[in-house]
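Raw contents of start.txt, compact mmCIF, C-alpha atoms and all ligand atoms:
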```txt
# COMPACT_ATOMS: atom_id res chain seq x y z
CA MET A 1 7.27 12.94 11.06
CA ALA A 2 8.39 9.48 12.27
CA GLN A 3 9.50 6.91 9.71
CA THR A 4 8.20 3.38 9.23
CA HIS A 5 8.25 0.53 6.72
CA PHE A 6 6.08 0.11 3.68
CA GLY A 7 7.30 -3.29 2.50
CA PHE A 8 11.09 -2.88 2.09
CA LYS A 9 10.86 0.92 1.71
CA THR A 10 11.25 3.44 4.52
CA VAL A 11 8.51 6.08 4.39
CA ASP A 12 6.82 8.68 6.61
CA GLU A 13 4.09 7.23 8.82
CA ARG A 14 1.39 9.24 7.05
CA GLU A 15 2.62 8.06 3.65
CA LYS A 16 2.41 4.43 4.80
CA ALA A 17 -1.27 4.80 5.72
CA GLN A 18 -1.99 6.37 2.31
CA ARG A 19 -0.08 3.67 0.45
CA VAL A 20 -1.82 0.86 2.36
CA ARG A 21 -5.11 2.51 1.53
CA SER A 22 -4.33 2.60 -2.20
CA VAL A 23 -3.20 -1.05 -2.15
CA PHE A 24 -6.60 -2.13 -0.82
CA ASP A 25 -8.55 0.37 -2.98
CA SER A 26 -6.84 -1.25 -5.96
CA VAL A 27 -7.24 -4.92 -5.02
CA ALA A 28 -10.74 -4.79 -3.43
CA PRO A 29 -12.77 -5.93 -6.50
CA ARG A 30 -10.50 -8.94 -7.14
CA TYR A 31 -9.48 -9.60 -3.53
CA ASP A 32 -11.40 -12.85 -3.00
CA LEU A 33 -10.40 -14.37 -6.33
CA MET A 34 -6.74 -13.48 -5.73
CA ASN A 35 -6.85 -15.00 -2.23
CA ASP A 36 -8.10 -18.30 -3.62
CA LEU A 37 -5.52 -18.33 -6.44
CA MET A 38 -2.54 -17.22 -4.34
CA SER A 39 -3.13 -19.66 -1.52
CA ALA A 40 -4.67 -22.46 -3.64
CA GLY A 41 -7.70 -22.14 -1.36
CA LEU A 42 -5.65 -22.62 1.83
CA HIS A 43 -6.82 -19.29 3.29
CA ARG A 44 -10.26 -20.88 3.71
CA LEU A 45 -8.76 -23.65 5.88
CA TRP A 46 -6.70 -21.17 7.94
CA LYS A 47 -9.83 -19.13 8.60
CA ARG A 48 -11.91 -22.21 9.40
CA TYR A 49 -9.21 -23.25 11.88
CA THR A 50 -9.34 -19.77 13.46
CA LEU A 51 -13.11 -20.08 13.92
CA THR A 52 -12.66 -23.52 15.49
CA VAL A 53 -10.06 -22.25 17.96
CA ALA A 54 -12.16 -19.17 18.79
CA GLN A 55 -15.14 -21.31 19.88
CA ALA A 56 -17.61 -18.43 19.77
CA GLN A 57 -20.80 -19.30 21.63
CA PRO A 58 -24.40 -18.36 20.84
CA GLY A 59 -24.98 -14.86 22.22
CA ASP A 60 -21.29 -13.80 22.08
CA GLN A 61 -20.26 -10.27 21.06
CA VAL A 62 -17.51 -10.38 18.40
CA LEU A 63 -15.43 -7.62 16.81
CA ASP A 64 -13.80 -8.44 13.45
CA ILE A 65 -11.02 -5.90 12.81
CA ALA A 66 -9.62 -5.36 9.28
CA GLY A 67 -12.52 -7.62 8.33
CA GLY A 68 -12.27 -6.81 4.60
CA THR A 69 -14.51 -9.02 2.48
CA GLY A 70 -15.94 -10.63 5.59
CA ASP A 71 -14.85 -14.30 5.71
CA LEU A 72 -14.38 -14.37 9.50
CA SER A 73 -17.38 -12.11 10.15
CA LEU A 74 -19.59 -14.53 8.23
CA GLY A 75 -18.24 -17.55 10.13
CA PHE A 76 -18.66 -15.81 13.49
CA ALA A 77 -22.21 -14.68 12.59
CA ARG A 78 -23.17 -18.34 12.09
CA GLN A 79 -21.57 -19.31 15.43
CA VAL A 80 -23.08 -16.58 17.63
CA GLY A 81 -26.58 -16.89 16.11
CA PRO A 82 -29.42 -14.40 16.40
CA THR A 83 -28.77 -13.61 20.08
CA GLY A 84 -25.14 -12.63 19.41
CA LEU A 85 -23.53 -9.71 17.59
CA VAL A 86 -20.68 -9.51 15.08
CA VAL A 87 -19.32 -6.07 14.19
CA HIS A 88 -17.56 -6.09 10.82
CA THR A 89 -14.98 -3.29 10.59
CA ASP A 90 -12.16 -2.10 8.32
CA ILE A 91 -10.28 1.15 7.73
CA ASN A 92 -10.91 0.86 3.99
CA GLU A 93 -14.35 1.67 2.59
CA ALA A 94 -13.85 -0.24 -0.68
CA MET A 95 -12.96 -3.46 1.19
CA LEU A 96 -15.78 -2.98 3.69
CA ARG A 97 -18.29 -2.42 0.86
CA GLU A 98 -17.18 -5.62 -0.92
CA GLY A 99 -17.60 -7.46 2.37
CA ARG A 100 -20.99 -5.97 3.15
CA ASP A 101 -22.32 -6.89 -0.33
CA ARG A 102 -21.00 -10.40 0.03
CA LEU A 103 -22.58 -10.83 3.47
CA LEU A 104 -25.88 -9.53 2.10
CA ASN A 105 -25.69 -12.10 -0.73
CA GLU A 106 -25.33 -14.76 1.98
CA GLY A 107 -28.43 -13.36 3.69
CA VAL A 108 -26.44 -11.97 6.62
CA VAL A 109 -26.85 -8.37 7.79
CA LEU A 110 -24.16 -7.13 10.17
CA PRO A 111 -23.21 -3.69 11.44
CA SER A 112 -20.30 -2.59 9.19
CA THR A 113 -18.14 0.28 10.41
CA VAL A 114 -15.13 2.06 8.99
CA CYS A 115 -12.58 2.27 11.78
CA ASP A 116 -8.87 2.34 12.44
CA ALA A 117 -7.64 -0.51 14.64
CA GLU A 118 -5.29 1.94 16.33
CA LYS A 119 -8.24 4.04 17.63
CA LEU A 120 -11.20 1.73 18.14
CA PRO A 121 -14.50 3.55 18.71
CA PHE A 122 -15.79 1.04 21.30
CA ALA A 123 -16.02 1.13 25.08
CA ASP A 124 -13.67 -0.86 27.33
CA GLY A 125 -14.63 -4.52 27.81
CA SER A 126 -17.31 -4.57 25.06
CA PHE A 127 -16.44 -7.87 23.33
CA ASP A 128 -16.02 -11.58 24.12
CA ILE A 129 -13.87 -12.14 21.02
CA VAL A 130 -11.76 -9.86 18.81
CA SER A 131 -10.29 -11.13 15.53
CA VAL A 132 -7.86 -9.70 13.01
CA ALA A 133 -6.98 -11.79 9.94
CA PHE A 134 -4.14 -10.68 7.65
CA GLY A 135 -4.59 -7.11 8.87
CA LEU A 136 -2.05 -6.47 11.64
CA ARG A 137 0.84 -6.58 9.14
CA ASN A 138 -0.51 -3.45 7.45
CA MET A 139 -0.88 -1.36 10.62
CA THR A 140 1.65 1.36 11.38
CA HIS A 141 1.62 1.15 15.19
CA LYS A 142 1.04 -2.55 15.85
CA ASP A 143 1.64 -2.13 19.59
CA GLN A 144 -1.07 0.54 19.78
CA ALA A 145 -3.50 -1.61 17.77
CA LEU A 146 -2.86 -4.61 20.06
CA ALA A 147 -3.39 -2.42 23.14
CA GLU A 148 -6.72 -1.24 21.68
CA MET A 149 -7.79 -4.84 21.00
CA HIS A 150 -6.94 -5.69 24.61
CA ARG A 151 -8.87 -2.67 25.90
CA VAL A 152 -12.15 -3.52 24.12
CA LEU A 153 -12.10 -7.19 25.27
CA ARG A 154 -13.84 -8.20 28.50
CA PRO A 155 -11.69 -9.98 31.11
CA GLY A 156 -11.36 -13.60 29.93
CA GLY A 157 -12.00 -12.50 26.32
CA LYS A 158 -9.98 -13.84 23.39
CA LEU A 159 -7.95 -12.14 20.66
CA LEU A 160 -7.27 -14.14 17.49
CA VAL A 161 -4.52 -12.82 15.24
CA LEU A 162 -4.21 -14.76 11.98
CA GLU A 163 -1.24 -13.51 9.99
CA PHE A 164 1.59 -14.51 7.66
CA SER A 165 4.63 -15.47 9.68
CA LYS A 166 8.14 -16.94 9.42
CA VAL A 167 8.26 -20.16 7.38
CA ALA A 168 10.25 -23.22 8.45
CA LYS A 169 13.86 -23.16 7.12
CA PRO A 170 13.45 -25.98 4.55
CA LEU A 171 10.59 -24.07 2.89
CA GLU A 172 12.40 -20.71 2.70
CA LYS A 173 13.89 -20.95 -0.83
CA ALA A 174 10.73 -22.18 -2.51
CA TYR A 175 8.64 -19.66 -0.57
CA ASP A 176 10.90 -16.75 -1.60
CA TRP A 177 10.76 -17.81 -5.25
CA TYR A 178 6.97 -18.06 -5.08
CA SER A 179 6.60 -14.73 -3.26
CA PHE A 180 8.87 -12.59 -5.40
CA SER A 181 8.53 -14.26 -8.83
CA VAL A 182 5.06 -15.80 -8.99
CA LEU A 183 2.91 -13.51 -6.81
CA PRO A 184 3.58 -10.18 -8.58
CA ARG A 185 2.93 -11.86 -11.99
CA LEU A 186 -0.31 -13.37 -10.72
CA GLY A 187 -1.26 -9.93 -9.37
CA ARG A 188 -0.62 -8.34 -12.77
CA TRP A 189 -2.63 -10.95 -14.74
CA VAL A 190 -5.60 -11.24 -12.42
CA ALA A 191 -5.87 -7.87 -10.67
CA GLY A 192 -3.89 -5.71 -13.15
CA ASP A 193 -1.60 -4.74 -10.26
CA ALA A 194 1.85 -6.29 -9.71
CA ASP A 195 3.01 -3.67 -7.17
CA SER A 196 0.35 -4.46 -4.55
CA TYR A 197 1.34 -8.11 -4.57
CA ARG A 198 5.04 -7.21 -4.40
CA TYR A 199 4.10 -5.16 -1.31
CA LEU A 200 2.34 -8.24 0.09
CA ALA A 201 5.52 -10.33 -0.25
CA GLU A 202 7.71 -7.59 1.24
CA SER A 203 5.34 -6.79 4.11
CA ILE A 204 5.34 -10.46 5.14
CA ARG A 205 9.15 -10.35 5.43
CA MET A 206 8.97 -7.19 7.60
CA HIS A 207 6.29 -8.56 9.94
CA PRO A 208 7.33 -9.90 13.38
CA GLY A 209 7.81 -13.65 13.54
CA GLN A 210 5.94 -16.05 15.80
CA GLU A 211 7.90 -15.40 19.00
CA GLU A 212 8.22 -11.65 18.54
CA LEU A 213 4.48 -11.28 18.03
CA ARG A 214 3.80 -13.43 21.09
CA GLN A 215 5.98 -11.02 23.13
CA MET A 216 4.19 -7.99 21.65
CA MET A 217 0.84 -9.45 22.69
CA LYS A 218 2.15 -10.07 26.20
CA GLN A 219 3.37 -6.46 26.31
CA ALA A 220 -0.10 -5.32 25.25
CA GLY A 221 -1.47 -7.03 28.37
CA PHE A 222 -2.47 -10.54 27.26
CA GLY A 223 -1.71 -12.83 30.21
CA HIS A 224 -1.66 -15.98 28.10
CA VAL A 225 -0.68 -16.31 24.42
CA ASP A 226 -0.71 -19.55 22.38
CA VAL A 227 0.89 -19.81 18.95
CA HIS A 228 -0.41 -22.24 16.32
CA ASN A 229 1.85 -22.66 13.29
CA LEU A 230 -0.06 -23.45 10.11
CA THR A 231 1.34 -24.78 6.82
CA GLY A 232 4.95 -24.83 8.01
CA GLY A 233 4.77 -21.34 9.48
CA VAL A 234 3.53 -19.67 6.27
CA VAL A 235 0.78 -18.48 8.59
CA ALA A 236 0.48 -18.41 12.39
CA LEU A 237 -2.58 -18.05 14.57
CA HIS A 238 -1.88 -16.25 17.86
CA LEU A 239 -4.54 -16.70 20.53
CA GLY A 240 -4.33 -14.19 23.37
CA ILE A 241 -6.42 -14.35 26.53
CA LYS A 242 -7.13 -11.19 28.53
CA CYS A 243 -6.53 -12.50 32.07
C1 LIG B 301 -5.31 -8.56 3.57
S1 LIG B 301 -6.79 -7.74 4.02
C2 LIG B 301 -7.58 -8.91 5.10
C3 LIG B 301 -9.06 -8.94 4.96
C4 LIG B 301 -9.77 -10.08 5.70
N1 LIG B 301 -9.57 -9.97 7.14
C5 LIG B 301 -9.30 -11.43 5.23
O1 LIG B 301 -8.67 -12.12 5.99
O2 LIG B 301 -9.56 -11.78 4.08
C6 LIG B 301 -6.14 -6.55 5.15
C7 LIG B 301 -7.16 -5.52 5.58
O3 LIG B 301 -6.58 -4.74 6.64
C8 LIG B 301 -7.17 -3.46 6.54
N2 LIG B 301 -6.39 -2.50 7.37
C9 LIG B 301 -5.16 -2.02 7.13
N3 LIG B 301 -4.80 -1.15 8.10
C10 LIG B 301 -5.84 -1.09 8.97
C11 LIG B 301 -6.08 -0.38 10.19
N4 LIG B 301 -5.16 0.47 10.70
N5 LIG B 301 -7.25 -0.56 10.83
C12 LIG B 301 -8.18 -1.39 10.33
N6 LIG B 301 -8.02 -2.10 9.17
C13 LIG B 301 -6.86 -1.95 8.51
C14 LIG B 301 -7.14 -3.18 5.04
O4 LIG B 301 -7.98 -2.11 4.68
C15 LIG B 301 -7.56 -4.54 4.48
O5 LIG B 301 -8.94 -4.62 4.25
```

How would this structure read if it were set down as structure tokens?
Amino acid sequence: MAQTHFGFKTVDEREKAQRVRSVFDSVAPRYDLMNDLMSAGLHRLWKRYTLTVAQAQPGDQVLDIAGGTGDLSLGFARQVGPTGLVVHTDINEAMLREGRDRLLNEGVVLPSTVCDAEKLPFADGSFDIVSVAFGLRNMTHKDQALAEMHRVLRPGGKLLVLEFSKVAKPLEKAYDWYSFSVLPRLGRWVAGDADSYRYLAESIRMHPGQEELRQMMKQAGFGHVDVHNLTGGVVALHLGIKC
């Protein structure tokens, strides 16, 4: 069996998928609260920015991959209106269920489907927009997942990848201290789980930086890729166009 990374550890590919699954099984009930606390609410601005860049139009067909508790799905549903469609998907049932309940509380009913980004169960060219927020980092074969996202987009369609990235040099020390000292403690107090938040910090360090991800998207077939650095590179939004 091929080896891969789970944070800083080297594990079998199958073990990585199981470990990622247990991370999100464990954090699902407290995921939204932790997101607000960890990012001091910034994740809401990063997601709002993603929705602004995406410019979904009424009637558009949108696929939200690794959609979790549904922030982007909800925003897209408001943009595409009753003539459009947003499909809310995730590989993890616990996360998808949290998201579906939250959407229902907002009065929004969307098709919710468990699916693996590396094997999308949709026909070629089905969507105008595909999004993946803070999900790509957890995938074992990122190149395969990006190729699948490209496949299900129509020509001219847009992929939005919102993900942690490489911070600007002057921020590095403070960011490392925050990631490895504060985050796991916060995870223990709020979610009763320090390890999952240690994995978060490690997985960010193992994820491709801005330029490397741009190249991966080009390799997956995106003719044009823009990179938007947010909050000093803590997060980057990659916009790929299927030309
Ligand atoms: C950090 S959460 C992000 C949730 C949501 N998009 C957000 O921004 O709040 C990452 C999500 O990626 C999902 N995920 C991990 N590997 C996946 C895969 N191979 N296919 C689809 N989803 C995956 C996890 O189950 C988890 O819900």

Go ahead and compute the interatomic distance for atom CA of A:Ala220 and atom CA of A:Val86, in Å to one decimal.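 Distance reported for this atom pair: 23.3 Å.
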
Within 6 Å of ligand LIG 301 (chain B), counting only C-alpha atoms and all ligand atoms, which protein or nucleic acid residues do you find, written as number ranges by chain? A: 24, 65-69, 90-92, 95, 115-118, 133-135, 138-139

Contacts between stretch 145-162 of chain A and stretch 54-107 of chain A, please, where a residue of stretch 54-107 of chain A counts if it comes within 10 Å (with all atoms listed in the file); show its shortest atom pair and distance in Å to one decimal, rows by chain and ascending number, as JSON lines.
```
{"residue": "A:Ala54", "atom": "CA", "partner": "A:Leu160", "partner_atom": "CA", "distance": 7.1}
{"residue": "A:Gln55", "atom": "CA", "partner": "A:Lys158", "partner_atom": "CA", "distance": 9.7}
{"residue": "A:Ala56", "atom": "CA", "partner": "A:Lys158", "partner_atom": "CA", "distance": 9.6}
{"residue": "A:Gln61", "atom": "CA", "partner": "A:Leu153", "partner_atom": "CA", "distance": 9.7}
{"residue": "A:Val62", "atom": "CA", "partner": "A:Leu153", "partner_atom": "CA", "distance": 9.3}
{"residue": "A:Leu63", "atom": "CA", "partner": "A:Val152", "partner_atom": "CA", "distance": 9.0}
{"residue": "A:Asp64", "atom": "CA", "partner": "A:Leu160", "partner_atom": "CA", "distance": 9.6}
{"residue": "A:Ile65", "atom": "CA", "partner": "A:Met149", "partner_atom": "CA", "distance": 8.9}
```

Export C-alpha atoms of the chosen residues as a PDB file, keeping the file's coordinate frame?
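Output saved as result.pdb:
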```pdb
ATOM      1  CA  ALA A  54     -12.160 -19.170  18.790  1.00  0.00           C
ATOM      2  CA  GLN A  55     -15.140 -21.310  19.880  1.00  0.00           C
ATOM      3  CA  ALA A  56     -17.610 -18.430  19.770  1.00  0.00           C
ATOM      4  CA  GLN A  61     -20.260 -10.270  21.060  1.00  0.00           C
ATOM      5  CA  VAL A  62     -17.510 -10.380  18.400  1.00  0.00           C
ATOM      6  CA  LEU A  63     -15.430  -7.620  16.810  1.00  0.00           C
ATOM      7  CA  ASP A  64     -13.800  -8.440  13.450  1.00  0.00           C
ATOM      8  CA  ILE A  65     -11.020  -5.900  12.810  1.00  0.00           C
TER       9      ILE A  65
END
```

Show me, as a list in words, the residues that have an atom within 12 Å of A:Val190 when counting only C-alpha atoms, minus same-chain residues fewer than 5 positions from it.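 The contact residues come out as Ser26, Val27, Pro29, Arg30, Tyr31, Asp32, Leu33, Met34, Asn35, Asp36, Leu37, Met38, Leu183, Pro184, Arg185, Ser196 and Tyr197 of chain A.
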
Neighbours of A:Val235 within 12 Å (only C-alpha atoms; same-chain residues fewer than 2 positions away dropped), as a PyMOL selection string? chain A and resi 39+42-43+45-47+49-50+133-134+137+161-168+204+207-210+227-233+237-238

Record the distance separating atom CA of A:Glu202 and atom CA of A:His141, expressed in Å with one decimal.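 Between these atoms lies a distance of 17.6 Å.
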
Could you check which of A:Ser73, A:Ser131, A:Gln219, A:Ser179 is closest to A:Val234, using all atoms listed in the file?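 Answer, going by the shortest atom-to-atom distance: A:Ser179.
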
Length of the atom CA of A:Ala40 to atom CA of A:Ala194 vector [Å]: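 Result for atom CA of A:Ala40 versus atom CA of A:Ala194: 18.5 Å, one decimal.
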
Please, which residues are within 9 Å of (-26.2, -15.3, 21.9) by the file's coordinates, counting only C-alpha atoms, and could they come as a PyMOL selection string? chain A and resi 57-61+79-85

Option closest in space to A:Val130, from A:Ala191, A:Val225, A:Val87, A:Leu104 [counting only C-alpha atoms]: A:Val87

Using only C-alpha atoms, which residues sit within 9 Å of A:Asp71 once same-chain residues fewer than 4 positions away are excluded, as number ranges by chain? A: 44, 47, 67, 75-76, 99, 103

For N, CA and C atoms, please extract stretch 165-192 of chain A from the block and return it as a PDB file, in the first residue's frame.
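Below is the file that was written, out_18.pdb:
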```
ATOM      1  N   SER A 165      -2.757  28.362   3.625  1.00  0.00           N
ATOM      2  CA  SER A 165      -1.645  28.389   2.688  1.00  0.00           C
ATOM      3  C   SER A 165      -0.371  28.804   3.416  1.00  0.00           C
ATOM      4  N   LYS A 166       0.604  29.319   2.681  1.00  0.00           N
ATOM      5  CA  LYS A 166       1.882  29.688   3.330  1.00  0.00           C
ATOM      6  C   LYS A 166       1.816  31.155   3.744  1.00  0.00           C
ATOM      7  N   VAL A 167       2.047  31.410   5.049  1.00  0.00           N
ATOM      8  CA  VAL A 167       1.958  32.794   5.542  1.00  0.00           C
ATOM      9  C   VAL A 167       3.187  33.591   5.125  1.00  0.00           C
ATOM     10  N   ALA A 168       3.029  34.915   5.101  1.00  0.00           N
ATOM     11  CA  ALA A 168       4.151  35.810   4.808  1.00  0.00           C
ATOM     12  C   ALA A 168       5.209  35.653   5.906  1.00  0.00           C
ATOM     13  N   LYS A 169       6.490  35.769   5.511  1.00  0.00           N
ATOM     14  CA  LYS A 169       7.621  35.534   6.432  1.00  0.00           C
ATOM     15  C   LYS A 169       7.474  36.236   7.787  1.00  0.00           C
ATOM     16  N   PRO A 170       7.147  37.554   7.810  1.00  0.00           N
ATOM     17  CA  PRO A 170       7.101  38.235   9.110  1.00  0.00           C
ATOM     18  C   PRO A 170       6.051  37.659  10.072  1.00  0.00           C
ATOM     19  N   LEU A 171       5.095  36.923   9.547  1.00  0.00           N
ATOM     20  CA  LEU A 171       4.039  36.364  10.418  1.00  0.00           C
ATOM     21  C   LEU A 171       4.384  34.967  10.930  1.00  0.00           C
ATOM     22  N   GLU A 172       5.457  34.364  10.356  1.00  0.00           N
ATOM     23  CA  GLU A 172       5.691  32.930  10.580  1.00  0.00           C
ATOM     24  C   GLU A 172       5.796  32.535  12.052  1.00  0.00           C
ATOM     25  N   LYS A 173       6.618  33.313  12.828  1.00  0.00           N
ATOM     26  CA  LYS A 173       6.875  32.920  14.232  1.00  0.00           C
ATOM     27  C   LYS A 173       5.600  32.949  15.047  1.00  0.00           C
ATOM     28  N   ALA A 174       4.871  34.055  14.921  1.00  0.00           N
ATOM     29  CA  ALA A 174       3.635  34.201  15.702  1.00  0.00           C
ATOM     30  C   ALA A 174       2.618  33.143  15.282  1.00  0.00           C
ATOM     31  N   TYR A 175       2.582  32.851  13.976  1.00  0.00           N
ATOM     32  CA  TYR A 175       1.622  31.874  13.459  1.00  0.00           C
ATOM     33  C   TYR A 175       1.965  30.464  13.960  1.00  0.00           C
ATOM     34  N   ASP A 176       3.254  30.131  14.000  1.00  0.00           N
ATOM     35  CA  ASP A 176       3.673  28.822  14.517  1.00  0.00           C
ATOM     36  C   ASP A 176       3.314  28.685  15.993  1.00  0.00           C
ATOM     37  N   TRP A 177       3.577  29.745  16.756  1.00  0.00           N
ATOM     38  CA  TRP A 177       3.253  29.701  18.192  1.00  0.00           C
ATOM     39  C   TRP A 177       1.740  29.487  18.365  1.00  0.00           C
ATOM     40  N   TYR A 178       0.970  30.244  17.615  1.00  0.00           N
ATOM     41  CA  TYR A 178      -0.488  30.128  17.715  1.00  0.00           C
ATOM     42  C   TYR A 178      -0.939  28.709  17.335  1.00  0.00           C
ATOM     43  N   SER A 179      -0.386  28.204  16.220  1.00  0.00           N
ATOM     44  CA  SER A 179      -0.834  26.907  15.687  1.00  0.00           C
ATOM     45  C   SER A 179      -0.503  25.748  16.617  1.00  0.00           C
ATOM     46  N   PHE A 180       0.723  25.753  17.156  1.00  0.00           N
ATOM     47  CA  PHE A 180       1.160  24.569  17.896  1.00  0.00           C
ATOM     48  C   PHE A 180       0.973  24.695  19.407  1.00  0.00           C
ATOM     49  N   SER A 181       0.787  25.925  19.926  1.00  0.00           N
ATOM     50  CA  SER A 181       0.587  26.074  21.367  1.00  0.00           C
ATOM     51  C   SER A 181      -0.866  26.390  21.707  1.00  0.00           C
ATOM     52  N   VAL A 182      -1.462  27.309  20.960  1.00  0.00           N
ATOM     53  CA  VAL A 182      -2.820  27.751  21.325  1.00  0.00           C
ATOM     54  C   VAL A 182      -3.893  26.798  20.778  1.00  0.00           C
ATOM     55  N   LEU A 183      -3.780  26.466  19.490  1.00  0.00           N
ATOM     56  CA  LEU A 183      -4.855  25.677  18.842  1.00  0.00           C
ATOM     57  C   LEU A 183      -5.165  24.352  19.546  1.00  0.00           C
ATOM     58  N   PRO A 184      -4.146  23.515  19.838  1.00  0.00           N
ATOM     59  CA  PRO A 184      -4.478  22.236  20.489  1.00  0.00           C
ATOM     60  C   PRO A 184      -5.141  22.445  21.854  1.00  0.00           C
ATOM     61  N   ARG A 185      -4.723  23.505  22.593  1.00  0.00           N
ATOM     62  CA  ARG A 185      -5.352  23.763  23.908  1.00  0.00           C
ATOM     63  C   ARG A 185      -6.811  24.157  23.736  1.00  0.00           C
ATOM     64  N   LEU A 186      -7.034  25.037  22.746  1.00  0.00           N
ATOM     65  CA  LEU A 186      -8.406  25.473  22.457  1.00  0.00           C
ATOM     66  C   LEU A 186      -9.262  24.253  22.090  1.00  0.00           C
ATOM     67  N   GLY A 187      -8.669  23.371  21.275  1.00  0.00           N
ATOM     68  CA  GLY A 187      -9.377  22.153  20.850  1.00  0.00           C
ATOM     69  C   GLY A 187      -9.743  21.290  22.048  1.00  0.00           C
ATOM     70  N   ARG A 188      -8.823  21.202  23.022  1.00  0.00           N
ATOM     71  CA  ARG A 188      -9.094  20.371  24.203  1.00  0.00           C
ATOM     72  C   ARG A 188     -10.217  20.991  25.047  1.00  0.00           C
ATOM     73  N   TRP A 189     -10.154  22.321  25.266  1.00  0.00           N
ATOM     74  CA  TRP A 189     -11.158  22.958  26.132  1.00  0.00           C
ATOM     75  C   TRP A 189     -12.548  22.955  25.501  1.00  0.00           C
ATOM     76  N   VAL A 190     -12.584  23.276  24.199  1.00  0.00           N
ATOM     77  CA  VAL A 190     -13.904  23.492  23.587  1.00  0.00           C
ATOM     78  C   VAL A 190     -14.491  22.203  23.004  1.00  0.00           C
ATOM     79  N   ALA A 191     -13.639  21.416  22.330  1.00  0.00           N
ATOM     80  CA  ALA A 191     -14.159  20.231  21.637  1.00  0.00           C
ATOM     81  C   ALA A 191     -13.732  18.938  22.334  1.00  0.00           C
ATOM     82  N   GLY A 192     -12.966  19.056  23.442  1.00  0.00           N
ATOM     83  CA  GLY A 192     -12.488  17.871  24.158  1.00  0.00           C
ATOM     84  C   GLY A 192     -11.541  17.047  23.307  1.00  0.00           C
TER      85      GLY A 192
END
```
